[in-house]
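**Student:** Sharing a structure below in structure tokens format, with a few things to ask.
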Amino acid sequence: MNTDNTFDHIVIVGVGLIGGSLGLALKRKGFTGEIVGVDESDIVDAALRRKAIDKGYKKVELGKATREADLIFLCTPIAETLRLLTKIGKEVRSGVLITDVGSTKRQIVETAKIHLPADIDFIGGHPMAGSEFSGVDAADPFLFENTTYVLTPSRPTHFQVRRAFGELLERIGAKVLLLPPELHDEIAAAVSHLPQMLAVSLMHLVANRQDESPYFLKMAAGGFRDMTRIASSPYGIWEDILASNSDMIGRYIDDYIEELQKLKVHLRDRSLADYFDKAAKNRLSIPKDTKGFLKPHYDLLVSVEDKPGVIAGISIELSQKAINIKDIEVLKIRENEGGTLRLAFASREDRDRARDVLTECGFDVRKRE
């Protein structure tokens, strides 16, 4: 894997869900160097048992753990990452690449600029991956497959090092996207942090009506459950995110309130048809394109019946022709009738071959440019 020896000694500080998954994913892809974990003793022991790391150190041994590192992942909560960035520069050798996995980027990148010496490379990172479970016991070697992994390089970094790091992430299945830290935090506020706030507030709104009637939550079926699923996320996960991106989140809450006010005005007239249609079309376009990824995917849209085995049937037909599906997404489905699947392929050639194979099998298939 590391044939150019760019990264032979990787250190993961914080061997929980993300850190543990990184170790497992690297090993699954044949990384031949050494992976070292840094965490509390019991967590290090668990990571060693799962073979997510080759060697482990306690937090107080950070300097000893990172002394020979080529690449350091800071897989800790944002507040802890900020603290580590103020001190880790004294614990590492010149030329090391440090990265993080924080869900917000501006504050982390700025802290790295201020506190890391010029001879230490830093690239902010945010893997858009997660699980309803936490800890190294929940670590998954496939966690990063087909996951967007945002990088926010904001200080001069050796080109070869940056390229090697991107290739390393791609090898564990991630799709790398380069963004400025400010744009990352704005997008995250809109598509991740705002939905969390909406889910929590909607849950409170309806639950507070329980005193009026116990049927408010008893009648909360599919749509309500779908919209409020993430309201069960623990505050501990969100505390640092909200603190480090409060300005962007507040701005989008204001924008959403304004959008709701516009919607409210038109509730009693018949002018909402276009509004609904536009929303539906935009929903179907997620992800609209893959510009910005180092390796784009090529998509097909396949109309299917809602019946058992249809996805398995498509997979079998394509696998028999040695065509690999990189990603599958259910875009739209009507129970007992049918819907649309998005299939993503690594190359235009694979996509076009898949279109021909599935068309011959009787599927309604179309490319999405």
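Chains: A, B, ... in order of the structure tokens. Residues: from 1 per chain. Ligands: from 1, in order shown.
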Can you pull out the residues contacting stretch 310-323 of chain A? Cut-off 9 Å, using only C-alpha atoms, and skip same-chain residues under 5 positions away; I want them as an MDAnalysis selection string.
**Tutor:** chainID A and resid 304:305 341 345 350:351 353:354 357:358 361
**Student:** Write out as JSON, numbers by chain the residues lying within 7 Å of A:Glu145, counting only C-alpha atoms and excluding same-chain residues fewer than 6 positions away.
**Tutor:** {"A": [172, 173, 174]}
**Student:** Write out, as a PDB file, in the first residue's frame, the residues just selected, with C-alpha atoms.
**Tutor:**
```pdb
ATOM      1  CA  ILE A 172      -9.924   2.964   2.470  1.00  0.00           C
ATOM      2  CA  GLY A 173     -12.949   3.749   0.292  1.00  0.00           C
ATOM      3  CA  ALA A 174     -13.469   7.462   0.960  1.00  0.00           C
TER       4      ALA A 174
END
```
**Student:** Among stretch 92-182 of chain A, which ones does DSSP place in alpha helix (DSSP H), written as a list in words?
**Tutor:**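 Reading the DSSP output for stretch 92-182 of chain A, alpha helix (DSSP H) covers Arg106, Gln107, Ile108, Val109, Glu110, Thr111, Ala112, Lys113, Ile114, His115, Phe159, Gln160, Val161, Arg162, Arg163, Ala164, Phe165, Gly166, Glu167, Leu168, Leu169, Glu170, Arg171, Pro181 and Glu182 of chain A.
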**Student:** Atoms to include: C-alpha atoms. Write the selected residues as a short mmCIF file (atom, residue, chain, number, x, y, z; two decimals), in the first residue's frame.
**Tutor:**
```cif
data_model
loop_
_atom_site.label_atom_id
_atom_site.label_comp_id
_atom_site.auth_asym_id
_atom_site.auth_seq_id
_atom_site.Cartn_x
_atom_site.Cartn_y
_atom_site.Cartn_z
CA ARG A 106 -12.51 26.99 11.06
CA GLN A 107 -11.45 27.00 14.69
CA ILE A 108 -9.32 23.88 14.32
CA VAL A 109 -7.53 25.16 11.22
CA GLU A 110 -6.90 28.54 12.80
CA THR A 111 -5.51 26.94 15.95
CA ALA A 112 -3.18 24.79 13.84
CA LYS A 113 -1.96 27.89 12.00
CA ILE A 114 -1.13 29.65 15.24
CA HIS A 115 0.44 26.84 17.23
CA PHE A 159 2.41 18.54 -2.79
CA GLN A 160 3.62 14.96 -2.61
CA VAL A 161 2.50 14.65 1.01
CA ARG A 162 -0.96 16.06 0.23
CA ARG A 163 -1.33 13.77 -2.76
CA ALA A 164 -0.20 10.71 -0.80
CA PHE A 165 -2.66 11.51 1.98
CA GLY A 166 -5.55 11.83 -0.46
CA GLU A 167 -4.62 8.51 -2.04
CA LEU A 168 -4.44 6.89 1.39
CA LEU A 169 -7.99 8.01 2.15
CA GLU A 170 -9.23 6.86 -1.22
CA ARG A 171 -7.74 3.43 -0.61
CA PRO A 181 -12.69 25.72 6.11
CA GLU A 182 -15.25 28.54 6.00
#
```
**Student:** Just list as an NGL selection string whatever in stretch 75-137 of chain A DSSP marks as strand (DSSP E).
**Tutor:** :A and (97-100 or 121-127)
**Student:** Need the shell around A:Glu34: protein/DNA/RNA residues with any atom at most 8 Å away, counting only C-alpha atoms. Skip same-chain ones fewer than 6 positions apart. Format as a list in words?
**Tutor:**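 In the requested format, the answer is Asp8, His9, Ile10, Ile53, Asp54 and Lys55 of chain A.
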**Student:** By how many Å are atom CA of A:Thr152 and atom CA of A:Leu343 apart?
**Tutor:**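 Going from atom CA of A:Thr152 over to atom CA of A:Leu343 covers 28.1 Å.
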**Student:** Contacts of A:Ile78 at 7 Å or less, counting only C-alpha atoms, minus same-chain residues fewer than 4 places along, as a PDB file with C-alpha atoms, in the first residue's frame?
**Tutor:**
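New file part24.pdb:
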```pdb
ATOM      1  CA  LEU A  82      -7.942  22.223  19.956  1.00  0.00           C
ATOM      2  CA  GLY A 102     -13.550  17.247  13.617  1.00  0.00           C
ATOM      3  CA  ASP A 240     -18.463  21.114  20.762  1.00  0.00           C
TER       4      ASP A 240
END
```
**Student:** Which residue out of A:Ile187, A:Val15, A:Val92, A:Leu205 has the minimum interatomic distance to A:Val44 when only C-alpha atoms are used?
**Tutor:**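 Checking each candidate against A:Val44, we get A:Val15 as the closest.
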**Student:** Extract, using only C-alpha atoms, all DNA, RNA and protein residues at most 12 Å from A:Asp299, discarding same-chain residues fewer than 6 positions from it, and format them as a ChimeraX atom specification.
**Tutor:** /A:285-290,325-329,341-355,365-369
**Student:** Counting only C-alpha atoms, give me one row per residue of stretch 170-194 of chain A with an atom at most 9 Å from an atom of stretch 249-267 of chain A, showing the shortest contact pair and its distance in Å to one decimal, sorted by chain then residue number, as a tab-separated table.
**Tutor:**
```
residue	atom	partner	partner_atom	distance
A:Glu186	CA	A:Ile249	CA	7.9
A:Ala188	CA	A:Ile249	CA	8.7
A:Ala189	CA	A:Ile249	CA	5.1
A:Ala190	CA	A:Tyr252	CA	6.3
A:His193	CA	A:Ile249	CA	6.6
A:Leu194	CA	A:Ile249	CA	6.2
```
**Student:** Please dump the current selection as a PDB file, in the first residue's frame; keep N, CA and C atoms.
**Tutor:**
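Resulting contents of selection_10.pdb:
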```pdb
ATOM      1  N   GLU A 186     -20.020  26.354   6.694  1.00  0.00           N
ATOM      2  CA  GLU A 186     -21.322  26.860   6.246  1.00  0.00           C
ATOM      3  C   GLU A 186     -22.184  25.732   5.705  1.00  0.00           C
ATOM      4  N   ALA A 188     -21.867  22.535   6.364  1.00  0.00           N
ATOM      5  CA  ALA A 188     -22.209  21.654   7.479  1.00  0.00           C
ATOM      6  C   ALA A 188     -23.352  22.233   8.304  1.00  0.00           C
ATOM      7  N   ALA A 189     -23.339  23.547   8.495  1.00  0.00           N
ATOM      8  CA  ALA A 189     -24.430  24.194   9.233  1.00  0.00           C
ATOM      9  C   ALA A 189     -25.761  23.974   8.536  1.00  0.00           C
ATOM     10  N   ALA A 190     -25.757  24.054   7.202  1.00  0.00           N
ATOM     11  CA  ALA A 190     -26.999  23.949   6.438  1.00  0.00           C
ATOM     12  C   ALA A 190     -27.511  22.515   6.348  1.00  0.00           C
ATOM     13  N   HIS A 193     -25.993  20.476  10.763  1.00  0.00           N
ATOM     14  CA  HIS A 193     -26.274  21.057  12.070  1.00  0.00           C
ATOM     15  C   HIS A 193     -27.698  21.611  12.161  1.00  0.00           C
ATOM     16  N   LEU A 194     -28.147  22.291  11.106  1.00  0.00           N
ATOM     17  CA  LEU A 194     -29.529  22.788  11.102  1.00  0.00           C
ATOM     18  C   LEU A 194     -30.547  21.648  11.201  1.00  0.00           C
TER      19      LEU A 194
END
```
